[in-house]
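*Asks:* Structure file run-v7.cif, mmCIF, C-alpha atoms, is pasted below:
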data_protein
loop_
_atom_site.group_PDB
_atom_site.id
_atom_site.type_symbol
_atom_site.label_atom_id
_atom_site.label_comp_id
_atom_site.auth_asym_id
_atom_site.auth_seq_id
_atom_site.Cartn_x
_atom_site.Cartn_y
_atom_site.Cartn_z
ATOM 1 C CA MET A 609 74.114 94.275 128.527
ATOM 2 C CA SER A 610 71.879 93.067 125.702
ATOM 3 C CA LYS A 611 72.506 94.468 122.244
ATOM 4 C CA VAL A 612 69.655 96.227 120.514
ATOM 5 C CA TYR A 613 69.853 96.917 116.789
ATOM 6 C CA TYR A 614 68.556 100.370 115.943
ATOM 7 C CA PRO A 615 67.434 100.542 112.300
ATOM 8 C CA TYR A 616 67.075 103.619 110.144
ATOM 9 C CA SER A 617 63.271 103.261 110.135
ATOM 10 C CA GLU A 618 63.162 103.643 113.921
ATOM 11 C CA PHE A 619 65.658 106.523 113.792
ATOM 12 C CA LYS A 620 63.408 108.358 111.337
ATOM 13 C CA SER A 621 60.376 107.868 113.580
ATOM 14 C CA ASP A 622 62.300 109.001 116.632
ATOM 15 C CA LEU A 623 63.560 112.148 114.896
ATOM 16 C CA LYS A 624 59.959 112.994 114.028
ATOM 17 C CA VAL A 625 59.170 112.759 117.732
ATOM 18 C CA LEU A 626 62.238 114.846 118.560
ATOM 19 C CA VAL A 627 61.300 117.730 116.253
ATOM 20 C CA GLN A 628 57.828 117.745 117.794
ATOM 21 C CA LYS A 629 59.415 118.245 121.202
ATOM 22 C CA ILE A 630 61.865 120.955 120.145
ATOM 23 C CA ASP A 631 60.137 124.285 120.762
ATOM 24 C CA LYS A 632 62.962 126.717 120.077
ATOM 25 C CA GLU A 633 64.693 128.061 117.005
ATOM 26 C CA PHE A 634 68.424 128.057 116.378
ATOM 27 C CA ASP A 635 71.085 129.837 114.373
ATOM 28 C CA ALA A 636 73.290 126.771 114.205
ATOM 29 C CA ILE A 637 73.334 123.053 114.929
ATOM 30 C CA ILE A 638 76.464 121.451 116.341
ATOM 31 C CA PRO A 639 76.728 117.694 116.047
ATOM 32 C CA ILE A 640 79.183 115.994 118.340
ATOM 33 C CA ALA A 641 81.123 113.770 115.921
ATOM 34 C CA ARG A 642 80.695 111.070 115.097
ATOM 35 C CA GLY A 643 77.473 110.222 116.980
ATOM 36 C CA GLY A 644 75.497 113.327 116.092
ATOM 37 C CA LEU A 645 76.400 113.657 112.407
ATOM 38 C CA SER A 646 73.382 111.984 110.772
ATOM 39 C CA ILE A 647 70.981 113.605 113.220
ATOM 40 C CA ALA A 648 72.457 117.023 112.482
ATOM 41 C CA GLN A 649 72.200 116.497 108.746
ATOM 42 C CA MET A 650 68.514 115.599 108.992
ATOM 43 C CA LEU A 651 67.686 118.391 111.461
ATOM 44 C CA GLY A 652 69.628 120.883 109.363
ATOM 45 C CA GLU A 653 67.508 119.937 106.366
ATOM 46 C CA TYR A 654 64.316 119.960 108.422
ATOM 47 C CA TYR A 655 64.963 123.442 109.801
ATOM 48 C CA ASP A 656 66.510 124.615 106.523
ATOM 49 C CA LEU A 657 69.669 125.567 108.402
ATOM 50 C CA ARG A 658 72.935 125.448 106.498
ATOM 51 C CA GLU A 659 74.801 126.305 109.694
ATOM 52 C CA VAL A 660 75.642 122.758 110.758
ATOM 53 C CA TYR A 661 79.090 122.825 112.352
ATOM 54 C CA ALA A 662 80.562 119.669 113.788
ATOM 55 C CA ILE A 663 82.699 119.470 116.904
ATOM 56 C CA ASN A 664 85.025 116.667 117.971
ATOM 57 C CA THR A 665 85.754 115.047 121.284
ATOM 58 C CA ILE A 666 88.165 112.376 122.358
ATOM 59 C CA GLY A 667 88.702 110.614 125.637
ATOM 60 C CA TYR A 668 92.168 110.743 127.139
ATOM 61 C CA ASN A 669 92.013 106.996 127.510
ATOM 62 C CA ASP A 670 90.597 105.147 124.546
ATOM 63 C CA THR A 671 90.216 101.708 126.070
ATOM 64 C CA GLN A 672 88.474 102.297 129.384
ATOM 65 C CA LYS A 673 85.707 104.437 130.737
ATOM 66 C CA LEU A 674 86.683 107.933 129.662
ATOM 67 C CA ASP A 675 87.406 110.121 132.639
ATOM 68 C CA GLU A 676 88.580 113.126 130.695
ATOM 69 C CA VAL A 677 87.131 114.448 127.464
ATOM 70 C CA LYS A 678 89.105 116.702 125.152
ATOM 71 C CA VAL A 679 87.058 118.948 122.872
ATOM 72 C CA PHE A 680 88.563 120.142 119.584
ATOM 73 C CA ASN A 681 87.717 121.520 116.152
ATOM 74 C CA ILE A 682 85.542 124.096 117.865
ATOM 75 C CA PRO A 683 83.432 125.840 115.216
ATOM 76 C CA ASP A 684 83.219 129.548 114.639
ATOM 77 C CA LEU A 685 79.999 130.740 116.319
ATOM 78 C CA GLN A 686 80.556 134.468 116.138
ATOM 79 C CA ASP A 687 77.254 135.097 114.320
ATOM 80 C CA ALA A 688 75.130 132.729 116.406
ATOM 81 C CA LYS A 689 72.880 133.614 119.331
ATOM 82 C CA THR A 690 71.140 130.284 119.895
ATOM 83 C CA VAL A 691 72.747 126.942 119.161
ATOM 84 C CA LEU A 692 71.523 123.353 119.307
ATOM 85 C CA ILE A 693 74.063 120.670 120.211
ATOM 86 C CA VAL A 694 73.066 117.187 119.019
ATOM 87 C CA ASP A 695 74.328 113.702 119.746
ATOM 88 C CA ASP A 696 72.974 110.188 119.397
ATOM 89 C CA ILE A 697 72.982 109.335 123.098
ATOM 90 C CA VAL A 698 73.699 110.839 126.478
ATOM 91 C CA ASP A 699 75.088 107.879 128.383
ATOM 92 C CA SER A 700 77.383 109.003 131.203
ATOM 93 C CA GLY A 701 76.879 112.605 130.112
ATOM 94 C CA ASP A 702 80.611 113.354 130.326
ATOM 95 C CA THR A 703 80.923 114.292 126.666
ATOM 96 C CA LEU A 704 77.976 116.690 126.595
ATOM 97 C CA VAL A 705 79.043 118.317 129.858
ATOM 98 C CA GLU A 706 82.534 118.957 128.541
ATOM 99 C CA VAL A 707 81.325 120.215 125.147
ATOM 100 C CA LEU A 708 78.940 122.630 126.866
ATOM 101 C CA LYS A 709 81.679 123.807 129.224
ATOM 102 C CA VAL A 710 84.122 124.520 126.412
ATOM 103 C CA LEU A 711 81.545 126.208 124.184
ATOM 104 C CA GLN A 712 80.032 128.325 126.956
ATOM 105 C CA LYS A 713 83.490 129.494 127.980
ATOM 106 C CA GLN A 714 84.431 130.477 124.429
ATOM 107 C CA TYR A 715 80.981 131.898 123.575
ATOM 108 C CA PRO A 716 79.487 133.229 126.827
ATOM 109 C CA GLU A 717 76.871 135.267 124.939
ATOM 110 C CA VAL A 718 75.424 132.244 123.115
ATOM 111 C CA THR A 719 72.496 130.211 124.482
ATOM 112 C CA PHE A 720 73.058 126.480 124.063
ATOM 113 C CA TYR A 721 70.396 123.776 123.982
ATOM 114 C CA SER A 722 70.928 120.074 123.457
ATOM 115 C CA ALA A 723 68.993 117.247 121.828
ATOM 116 C CA THR A 724 69.622 113.517 121.609
ATOM 117 C CA VAL A 725 67.662 110.456 120.624
ATOM 118 C CA PHE A 726 68.672 108.407 123.670
ATOM 119 C CA TYR A 727 69.156 109.485 127.262
ATOM 120 C CA LYS A 728 70.106 107.408 130.279
ATOM 121 C CA PRO A 729 68.583 108.837 133.464
ATOM 122 C CA THR A 730 71.789 107.899 135.324
ATOM 123 C CA ALA A 731 73.739 110.467 133.267
ATOM 124 C CA CYS A 732 75.158 113.554 134.966
ATOM 125 C CA ILE A 733 73.265 115.849 132.582
ATOM 126 C CA GLU A 734 69.874 115.723 130.882
ATOM 127 C CA PRO A 735 69.636 117.038 127.319
ATOM 128 C CA THR A 736 67.070 119.762 126.776
ATOM 129 C CA TRP A 737 65.143 117.400 124.486
ATOM 130 C CA TRP A 738 65.415 113.623 124.106
ATOM 131 C CA VAL A 739 63.219 110.827 122.838
ATOM 132 C CA LYS A 740 63.747 107.656 124.838
ATOM 133 C CA GLU A 741 65.811 105.583 127.221
ATOM 134 C CA PRO A 742 68.071 102.901 125.750
ATOM 135 C CA LYS A 743 67.006 99.352 126.562
ATOM 136 C CA GLY A 744 70.419 97.727 126.231
ATOM 137 C CA TRP A 745 73.518 98.525 124.202
ATOM 138 C CA ILE A 746 72.318 100.358 121.096
ATOM 139 C CA GLU A 747 73.819 99.149 117.822
ATOM 140 C CA PHE A 748 73.070 102.084 115.567
ATOM 141 C CA PHE A 749 72.376 101.440 111.871
ATOM 142 C CA TRP A 750 75.291 103.670 110.930
ATOM 143 C CA SER A 751 77.640 101.299 112.779
ATOM 144 C CA GLU A 752 76.110 98.068 111.534
ATOM 145 C CA ASP A 753 74.628 98.462 108.077
ATOM 146 C CA LEU A 754 77.836 98.431 106.022
ATOM 147 C CA LYS A 755 79.085 95.296 107.768
ATOM 148 C CA SER A 756 76.304 92.970 106.624
ATOM 149 C CA MET B 633 64.793 118.178 85.753
ATOM 150 C CA SER B 634 62.878 115.202 87.146
ATOM 151 C CA LYS B 635 63.050 114.614 90.900
ATOM 152 C CA VAL B 636 64.325 111.272 92.082
ATOM 153 C CA TYR B 637 63.762 110.219 95.678
ATOM 154 C CA TYR B 638 66.824 108.543 97.121
ATOM 155 C CA PRO B 639 65.873 106.292 100.045
ATOM 156 C CA TYR B 640 68.098 105.085 102.846
ATOM 157 C CA SER B 641 68.001 101.504 101.496
ATOM 158 C CA GLU B 642 69.609 102.635 98.231
ATOM 159 C CA PHE B 643 72.122 104.804 100.083
ATOM 160 C CA LYS B 644 73.192 101.797 102.149
ATOM 161 C CA SER B 645 73.644 99.673 99.010
ATOM 162 C CA ASP B 646 75.593 102.438 97.297
ATOM 163 C CA LEU B 647 77.923 102.897 100.266
ATOM 164 C CA LYS B 648 78.660 99.176 100.159
ATOM 165 C CA VAL B 649 79.689 99.647 96.530
ATOM 166 C CA LEU B 650 81.738 102.708 97.468
ATOM 167 C CA VAL B 651 83.763 100.936 100.154
ATOM 168 C CA GLN B 652 84.501 98.145 97.656
ATOM 169 C CA LYS B 653 85.982 100.738 95.318
ATOM 170 C CA ILE B 654 88.042 102.564 97.926
ATOM 171 C CA ASP B 655 91.487 100.966 97.918
ATOM 172 C CA LYS B 656 93.397 103.297 100.222
ATOM 173 C CA GLU B 657 93.573 103.854 103.957
ATOM 174 C CA PHE B 658 93.123 107.185 105.712
ATOM 175 C CA ASP B 659 93.999 108.943 108.920
ATOM 176 C CA ALA B 660 90.915 111.126 108.789
ATOM 177 C CA ILE B 661 87.626 111.582 106.952
ATOM 178 C CA ILE B 662 86.378 115.078 106.191
ATOM 179 C CA PRO B 663 82.713 115.419 105.318
ATOM 180 C CA ILE B 664 81.702 118.577 103.519
ATOM 181 C CA ALA B 665 78.693 119.731 105.564
ATOM 182 C CA ARG B 666 75.901 119.188 105.268
ATOM 183 C CA GLY B 667 75.919 116.808 102.287
ATOM 184 C CA GLY B 668 78.688 114.498 103.452
ATOM 185 C CA LEU B 669 77.736 114.133 107.123
ATOM 186 C CA SER B 670 75.815 110.837 107.060
ATOM 187 C CA ILE B 671 78.304 109.281 104.638
ATOM 188 C CA ALA B 672 81.197 110.270 106.878
ATOM 189 C CA GLN B 673 79.502 108.829 109.942
ATOM 190 C CA MET B 674 78.971 105.481 108.234
ATOM 191 C CA LEU B 675 82.448 105.362 106.685
ATOM 192 C CA GLY B 676 84.002 106.386 109.988
ATOM 193 C CA GLU B 677 82.269 103.465 111.657
ATOM 194 C CA TYR B 678 83.154 101.108 108.811
ATOM 195 C CA TYR B 679 86.846 102.001 108.925
ATOM 196 C CA ASP B 680 86.804 102.326 112.718
ATOM 197 C CA LEU B 681 88.115 105.871 112.392
ATOM 198 C CA ARG B 682 87.178 108.331 115.090
ATOM 199 C CA GLU B 683 88.899 111.094 113.143
ATOM 200 C CA VAL B 684 85.850 112.407 111.314
ATOM 201 C CA TYR B 685 86.237 116.186 111.037
ATOM 202 C CA ALA B 686 83.618 118.188 109.206
ATOM 203 C CA ILE B 687 84.303 121.232 107.071
ATOM 204 C CA ASN B 688 81.865 123.932 105.966
ATOM 205 C CA THR B 689 81.353 125.772 102.724
ATOM 206 C CA ILE B 690 79.038 128.548 101.691
ATOM 207 C CA GLY B 691 78.375 130.234 98.377
ATOM 208 C CA TYR B 692 78.773 133.991 98.220
ATOM 209 C CA ASN B 693 75.354 134.152 96.621
ATOM 210 C CA ASP B 694 72.747 131.928 98.186
ATOM 211 C CA THR B 695 70.015 132.186 95.583
ATOM 212 C CA GLN B 696 71.775 131.646 92.266
ATOM 213 C CA LYS B 697 74.404 129.354 90.864
ATOM 214 C CA LEU B 698 77.269 129.771 93.281
ATOM 215 C CA ASP B 699 80.260 131.319 91.592
ATOM 216 C CA GLU B 700 82.400 131.625 94.675
ATOM 217 C CA VAL B 701 82.711 129.141 97.493
ATOM 218 C CA LYS B 702 83.977 130.129 100.923
ATOM 219 C CA VAL B 703 85.484 127.338 103.013
ATOM 220 C CA PHE B 704 85.455 127.617 106.808
ATOM 221 C CA ASN B 705 85.698 125.635 110.029
ATOM 222 C CA ILE B 706 88.815 124.005 108.651
ATOM 223 C CA PRO B 707 89.734 121.056 110.887
ATOM 224 C CA ASP B 708 93.075 120.492 112.538
ATOM 225 C CA LEU B 709 94.930 117.930 110.389
ATOM 226 C CA GLN B 710 98.361 118.224 111.944
ATOM 227 C CA ASP B 711 98.580 114.489 112.691
ATOM 228 C CA ALA B 712 97.144 113.280 109.374
ATOM 229 C CA LYS B 713 99.062 112.049 106.342
ATOM 230 C CA THR B 714 96.204 110.771 104.192
ATOM 231 C CA VAL B 715 92.706 112.209 104.277
ATOM 232 C CA LEU B 716 89.433 111.287 102.590
ATOM 233 C CA ILE B 717 87.038 114.108 101.726
ATOM 234 C CA VAL B 718 83.425 112.974 101.326
ATOM 235 C CA ASP B 719 80.297 114.568 99.943
ATOM 236 C CA ASP B 720 76.947 113.345 98.678
ATOM 237 C CA ILE B 721 77.334 114.599 95.105
ATOM 238 C CA VAL B 722 79.808 116.302 92.833
ATOM 239 C CA ASP B 723 77.531 118.395 90.639
ATOM 240 C CA SER B 724 79.379 121.432 89.233
ATOM 241 C CA GLY B 725 82.455 120.407 91.210
ATOM 242 C CA ASP B 726 83.018 123.968 92.471
ATOM 243 C CA THR B 727 82.687 123.021 96.135
ATOM 244 C CA LEU B 728 85.109 120.083 96.026
ATOM 245 C CA VAL B 729 87.649 122.081 94.000
ATOM 246 C CA GLU B 730 87.613 124.910 96.511
ATOM 247 C CA VAL B 731 87.768 122.599 99.537
ATOM 248 C CA LEU B 732 90.746 120.784 98.033
ATOM 249 C CA LYS B 733 92.455 124.081 97.214
ATOM 250 C CA VAL B 734 92.063 125.438 100.727
ATOM 251 C CA LEU B 735 93.100 122.189 102.427
ATOM 252 C CA GLN B 736 96.093 121.563 100.164
ATOM 253 C CA LYS B 737 97.315 125.104 100.757
ATOM 254 C CA GLN B 738 97.041 124.779 104.523
ATOM 255 C CA TYR B 739 98.309 121.184 104.635
ATOM 256 C CA PRO B 740 100.717 120.757 101.702
ATOM 257 C CA GLU B 741 102.188 117.574 103.192
ATOM 258 C CA VAL B 742 98.830 115.763 103.364
ATOM 259 C CA THR B 743 97.523 113.538 100.540
ATOM 260 C CA PHE B 744 93.846 114.122 99.867
ATOM 261 C CA TYR B 745 91.429 111.716 98.182
ATOM 262 C CA SER B 746 87.718 112.236 97.625
ATOM 263 C CA ALA B 747 84.642 110.030 97.523
ATOM 264 C CA THR B 748 81.012 110.736 96.703
ATOM 265 C CA VAL B 749 77.924 108.727 95.957
ATOM 266 C CA PHE B 750 76.908 110.765 92.907
ATOM 267 C CA TYR B 751 79.054 112.338 90.235
ATOM 268 C CA LYS B 752 78.028 114.337 87.178
ATOM 269 C CA PRO B 753 80.485 113.861 84.316
ATOM 270 C CA THR B 754 80.021 117.535 83.406
ATOM 271 C CA ALA B 755 81.666 118.574 86.698
ATOM 272 C CA CYS B 756 85.035 120.300 86.656
ATOM 273 C CA ILE B 757 86.556 117.619 88.901
ATOM 274 C CA GLU B 758 86.069 113.875 89.271
ATOM 275 C CA PRO B 759 86.186 112.433 92.790
ATOM 276 C CA THR B 760 88.739 109.689 93.325
ATOM 277 C CA TRP B 761 85.875 107.250 93.960
ATOM 278 C CA TRP B 762 82.180 107.567 93.173
ATOM 279 C CA VAL B 763 79.258 105.237 92.666
ATOM 280 C CA LYS B 764 76.871 106.531 90.027
ATOM 281 C CA GLU B 765 75.566 109.369 87.921
ATOM 282 C CA PRO B 766 72.410 111.149 89.085
ATOM 283 C CA LYS B 767 69.375 110.586 86.860
ATOM 284 C CA GLY B 768 67.543 113.775 87.732
ATOM 285 C CA TRP B 769 67.446 116.007 90.793
ATOM 286 C CA ILE B 770 68.250 113.777 93.766
ATOM 287 C CA GLU B 771 65.964 114.184 96.756
ATOM 288 C CA PHE B 772 68.045 112.586 99.474
ATOM 289 C CA PHE B 773 66.292 110.772 102.303
ATOM 290 C CA TRP B 774 67.912 113.088 104.826
ATOM 291 C CA SER B 775 66.118 116.030 103.177
ATOM 292 C CA GLU B 776 62.756 114.350 102.734
ATOM 293 C CA ASP B 777 62.098 111.808 105.453
ATOM 294 C CA LEU B 778 61.201 114.152 108.304
ATOM 295 C CA LYS B 779 58.728 116.073 106.139
ATOM 296 C CA SER B 780 56.311 113.216 105.531
#
Let me see the structure of the file written as structure tokens.
*Replies:*
Amino acid sequence: MSKVYYPYSEFKSDLKVLVQKIDKEFDAIIPIARGGLSIAQMLGEYYDLREVYAINTIGYNDTQKLDEVKVFNIPDLQDAKTVLIVDDIVDSGDTLVEVLKVLQKQYPEVTFYSATVFYKPTACIEPTWWVKEPKGWIEFFWSEDLKS
Amino acid sequence: MSKVYYPYSEFKSDLKVLVQKIDKEFDAIIPIARGGLSIAQMLGEYYDLREVYAINTIGYNDTQKLDEVKVFNIPDLQDAKTVLIVDDIVDSGDTLVEVLKVLQKQYPEVTFYSATVFYKPTACIEPTWWVKEPKGWIEFFWSEDLKS
């Protein structure tokens, strides 16, 4: 698959598109770490929401396609009614599906939405809001810019 | 105090300086949300560390100088020996002091270091590594760039 560098300037433009699409309000934003961290920081500032609580996932097998996703560092959502989960990309969809499953089980009274920049239509789940399809393997600025 | 816009390009340069200063290795990076989220994402990628676990703080009084800081969503550090706490700025230092206090109490066997981009010499604590002093009120790109 071809590699496509994704600079901050494009990220900023895409987040402006994303916030135009998002037509709900939230009590908290949950970034899936690490991919969703920068997005969550910018959306938290945009919506003036201090309630940005990260969650972690790890695949059972680190070297191959991840069949099983473990979710941990689950934030305290006892005061939240509506929550936005954010990540950089929904690729297979396995991570988002598992995060939603774990959160909905622990917080059945909370309504969860999801937002990503990239979404692959072959994924097993579609985020509530997304901006575009990836055209190749995305090399995000946060992965690349300290190397050069 | 004069406002100083802090663009992504400068942030990237400053993080390159920061990683040159950092002369330890870590098992985990803990961003203080929201300020440390983007830094932690980039450092996590740079050090190839998936263990990026955010922590939250809130002041007891949201509208004035915060006298008391509550720390919550404390991550699971049971497998970590050395941990880097990151934030955008150490201003008064109250937040970093309280985060360190809470983490050291819960994980007395863990060694904690800290890194920020900005540090005010009038703060009550100096991060282990930092890049520069703020010359005015910093308007970070993550706060500003979706507004325009």
*Asks:* Show me, as number ranges by chain, every residue of chain A with an atom at most 6 Å from chain B, counting only C-alpha atoms.
*Replies:* A: 624, 642, 645-646, 649-650, 653, 662, 681, 683, 750-751, 754
*Asks:* Taking into account only C-alpha atoms, which residue in the set B:Phe744, B:Tyr637, B:Val722, B:Glu730 is nearest to Pro759 (chain B)?
*Replies:*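 Counting only C-alpha atoms, the residue closest to Pro759 (chain B) is B:Val722.
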*Asks:* Residue by residue, what does the PyMOL selection byres ((chain B and resi 661) around 6) grab here? Present the result as a count of residues only.
*Replies:* 6
*Asks:* Calculate how many Å separate CA of Lys740 (chain A) from CA of Lys728 (chain A), rounding to one decimal.
*Replies:*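 Here the two named atoms are 8.4 Å from each other.
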*Asks:* Using the chain letters and numbers from the file, which residues does the PyMOL selection byres ((chain A and resi 699) around 10) grab, as a PyMOL selection string?
*Replies:* chain A and resi 696-698+700-704+726-734+741-742
*Asks:* Can you work out the spacing between CA of Lys737 (chain B) and CA of Ala712 (chain B) in Å, to one decimal?
*Replies:*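 Taking CA of Lys737 (chain B) as the start and CA of Ala712 (chain B) as the end point, the length is 14.6 Å.
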*Asks:* In Å to one decimal, how far is CA of Ile654 (chain B) from CA of Lys702 (chain B)?
*Replies:*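 Straight-line distance from CA of Lys702 (chain B) to CA of Ile654 (chain B) works out to 28.0 Å.
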*Asks:* Please determine, counting all atoms listed in the file, which residue among A:Asp695, A:Ala723, A:Gly744, A:Val679 has the shortest atom-to-atom distance to Leu711 (chain A).
*Replies:*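 Checking each of A:Asp695, A:Ala723, A:Gly744, A:Val679 against Leu711 (chain A), counting all atoms listed in the file, the winner is A:Val679.
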*Asks:* Mind dumping region 706-727 of chain B from that block, keeping N, CA, C and O atoms, as a PDB file, in the first residue's frame?
*Replies:*
ATOM      1  N   ILE B 706      -6.775   8.060  37.313  1.00  0.00           N
ATOM      2  CA  ILE B 706      -5.378   7.669  37.515  1.00  0.00           C
ATOM      3  C   ILE B 706      -5.126   6.355  36.784  1.00  0.00           C
ATOM      4  O   ILE B 706      -5.831   5.372  36.997  1.00  0.00           O
ATOM      5  N   PRO B 707      -4.133   6.336  35.878  1.00  0.00           N
ATOM      6  CA  PRO B 707      -3.923   5.118  35.083  1.00  0.00           C
ATOM      7  C   PRO B 707      -3.292   3.985  35.894  1.00  0.00           C
ATOM      8  O   PRO B 707      -2.679   4.212  36.935  1.00  0.00           O
ATOM      9  N   ASP B 708      -3.464   2.801  35.366  1.00  0.00           N
ATOM     10  CA  ASP B 708      -2.856   1.606  35.942  1.00  0.00           C
ATOM     11  C   ASP B 708      -1.372   1.579  35.563  1.00  0.00           C
ATOM     12  O   ASP B 708      -1.026   1.479  34.390  1.00  0.00           O
ATOM     13  N   LEU B 709      -0.503   1.675  36.550  1.00  0.00           N
ATOM     14  CA  LEU B 709       0.949   1.684  36.306  1.00  0.00           C
ATOM     15  C   LEU B 709       1.628   0.464  36.908  1.00  0.00           C
ATOM     16  O   LEU B 709       2.829   0.498  37.188  1.00  0.00           O
ATOM     17  N   GLN B 710       0.910  -0.603  37.086  1.00  0.00           N
ATOM     18  CA  GLN B 710       1.469  -1.733  37.833  1.00  0.00           C
ATOM     19  C   GLN B 710       2.689  -2.360  37.152  1.00  0.00           C
ATOM     20  O   GLN B 710       3.521  -2.961  37.814  1.00  0.00           O
ATOM     21  N   ASP B 711       2.795  -2.200  35.827  1.00  0.00           N
ATOM     22  CA  ASP B 711       3.948  -2.799  35.136  1.00  0.00           C
ATOM     23  C   ASP B 711       5.054  -1.788  34.847  1.00  0.00           C
ATOM     24  O   ASP B 711       6.034  -2.120  34.177  1.00  0.00           O
ATOM     25  N   ALA B 712       4.923  -0.570  35.319  1.00  0.00           N
ATOM     26  CA  ALA B 712       5.884   0.482  34.980  1.00  0.00           C
ATOM     27  C   ALA B 712       6.895   0.697  36.096  1.00  0.00           C
ATOM     28  O   ALA B 712       6.569   0.624  37.281  1.00  0.00           O
ATOM     29  N   LYS B 713       8.135   0.949  35.699  1.00  0.00           N
ATOM     30  CA  LYS B 713       9.180   1.298  36.669  1.00  0.00           C
ATOM     31  C   LYS B 713       9.551   2.776  36.563  1.00  0.00           C
ATOM     32  O   LYS B 713       9.881   3.415  37.549  1.00  0.00           O
ATOM     33  N   THR B 714       9.544   3.287  35.333  1.00  0.00           N
ATOM     34  CA  THR B 714       9.944   4.669  35.095  1.00  0.00           C
ATOM     35  C   THR B 714       8.902   5.323  34.193  1.00  0.00           C
ATOM     36  O   THR B 714       8.549   4.771  33.149  1.00  0.00           O
ATOM     37  N   VAL B 715       8.415   6.470  34.615  1.00  0.00           N
ATOM     38  CA  VAL B 715       7.283   7.098  33.941  1.00  0.00           C
ATOM     39  C   VAL B 715       7.580   8.576  33.692  1.00  0.00           C
ATOM     40  O   VAL B 715       8.131   9.264  34.566  1.00  0.00           O
ATOM     41  N   LEU B 716       7.212   9.030  32.503  1.00  0.00           N
ATOM     42  CA  LEU B 716       7.363  10.444  32.149  1.00  0.00           C
ATOM     43  C   LEU B 716       5.999  11.128  32.158  1.00  0.00           C
ATOM     44  O   LEU B 716       5.096  10.730  31.421  1.00  0.00           O
ATOM     45  N   ILE B 717       5.875  12.149  32.978  1.00  0.00           N
ATOM     46  CA  ILE B 717       4.652  12.966  33.000  1.00  0.00           C
ATOM     47  C   ILE B 717       4.878  14.162  32.079  1.00  0.00           C
ATOM     48  O   ILE B 717       5.925  14.815  32.153  1.00  0.00           O
ATOM     49  N   VAL B 718       3.915  14.436  31.193  1.00  0.00           N
ATOM     50  CA  VAL B 718       4.087  15.573  30.283  1.00  0.00           C
ATOM     51  C   VAL B 718       2.908  16.538  30.359  1.00  0.00           C
ATOM     52  O   VAL B 718       1.769  16.144  30.581  1.00  0.00           O
ATOM     53  N   ASP B 719       3.240  17.801  30.186  1.00  0.00           N
ATOM     54  CA  ASP B 719       2.219  18.847  30.115  1.00  0.00           C
ATOM     55  C   ASP B 719       2.747  19.942  29.195  1.00  0.00           C
ATOM     56  O   ASP B 719       3.931  19.957  28.859  1.00  0.00           O
ATOM     57  N   ASP B 720       1.841  20.830  28.772  1.00  0.00           N
ATOM     58  CA  ASP B 720       2.274  21.906  27.886  1.00  0.00           C
ATOM     59  C   ASP B 720       3.106  22.945  28.630  1.00  0.00           C
ATOM     60  O   ASP B 720       4.120  23.419  28.129  1.00  0.00           O
ATOM     61  N   ILE B 721       2.683  23.292  29.844  1.00  0.00           N
ATOM     62  CA  ILE B 721       3.328  24.393  30.568  1.00  0.00           C
ATOM     63  C   ILE B 721       3.276  24.134  32.070  1.00  0.00           C
ATOM     64  O   ILE B 721       2.278  23.618  32.576  1.00  0.00           O
ATOM     65  N   VAL B 722       4.350  24.446  32.747  1.00  0.00           N
ATOM     66  CA  VAL B 722       4.320  24.569  34.197  1.00  0.00           C
ATOM     67  C   VAL B 722       4.267  26.064  34.494  1.00  0.00           C
ATOM     68  O   VAL B 722       5.226  26.785  34.235  1.00  0.00           O
ATOM     69  N   ASP B 723       3.121  26.496  34.977  1.00  0.00           N
ATOM     70  CA  ASP B 723       2.871  27.917  35.233  1.00  0.00           C
ATOM     71  C   ASP B 723       3.031  28.169  36.739  1.00  0.00           C
ATOM     72  O   ASP B 723       4.115  28.496  37.206  1.00  0.00           O
ATOM     73  N   SER B 724       1.989  27.934  37.527  1.00  0.00           N
ATOM     74  CA  SER B 724       2.159  28.009  38.989  1.00  0.00           C
ATOM     75  C   SER B 724       2.899  26.777  39.504  1.00  0.00           C
ATOM     76  O   SER B 724       3.590  26.820  40.517  1.00  0.00           O
ATOM     77  N   GLY B 725       2.712  25.657  38.804  1.00  0.00           N
ATOM     78  CA  GLY B 725       3.283  24.390  39.235  1.00  0.00           C
ATOM     79  C   GLY B 725       2.340  23.552  40.091  1.00  0.00           C
ATOM     80  O   GLY B 725       2.628  22.391  40.375  1.00  0.00           O
ATOM     81  N   ASP B 726       1.197  24.139  40.474  1.00  0.00           N
ATOM     82  CA  ASP B 726       0.264  23.439  41.371  1.00  0.00           C
ATOM     83  C   ASP B 726      -0.212  22.104  40.793  1.00  0.00           C
ATOM     84  O   ASP B 726      -0.335  21.106  41.505  1.00  0.00           O
ATOM     85  N   THR B 727      -0.511  22.102  39.503  1.00  0.00           N
ATOM     86  CA  THR B 727      -1.038  20.877  38.887  1.00  0.00           C
ATOM     87  C   THR B 727       0.010  19.767  38.906  1.00  0.00           C
ATOM     88  O   THR B 727      -0.270  18.641  39.342  1.00  0.00           O
TER      89      THR B 727
END
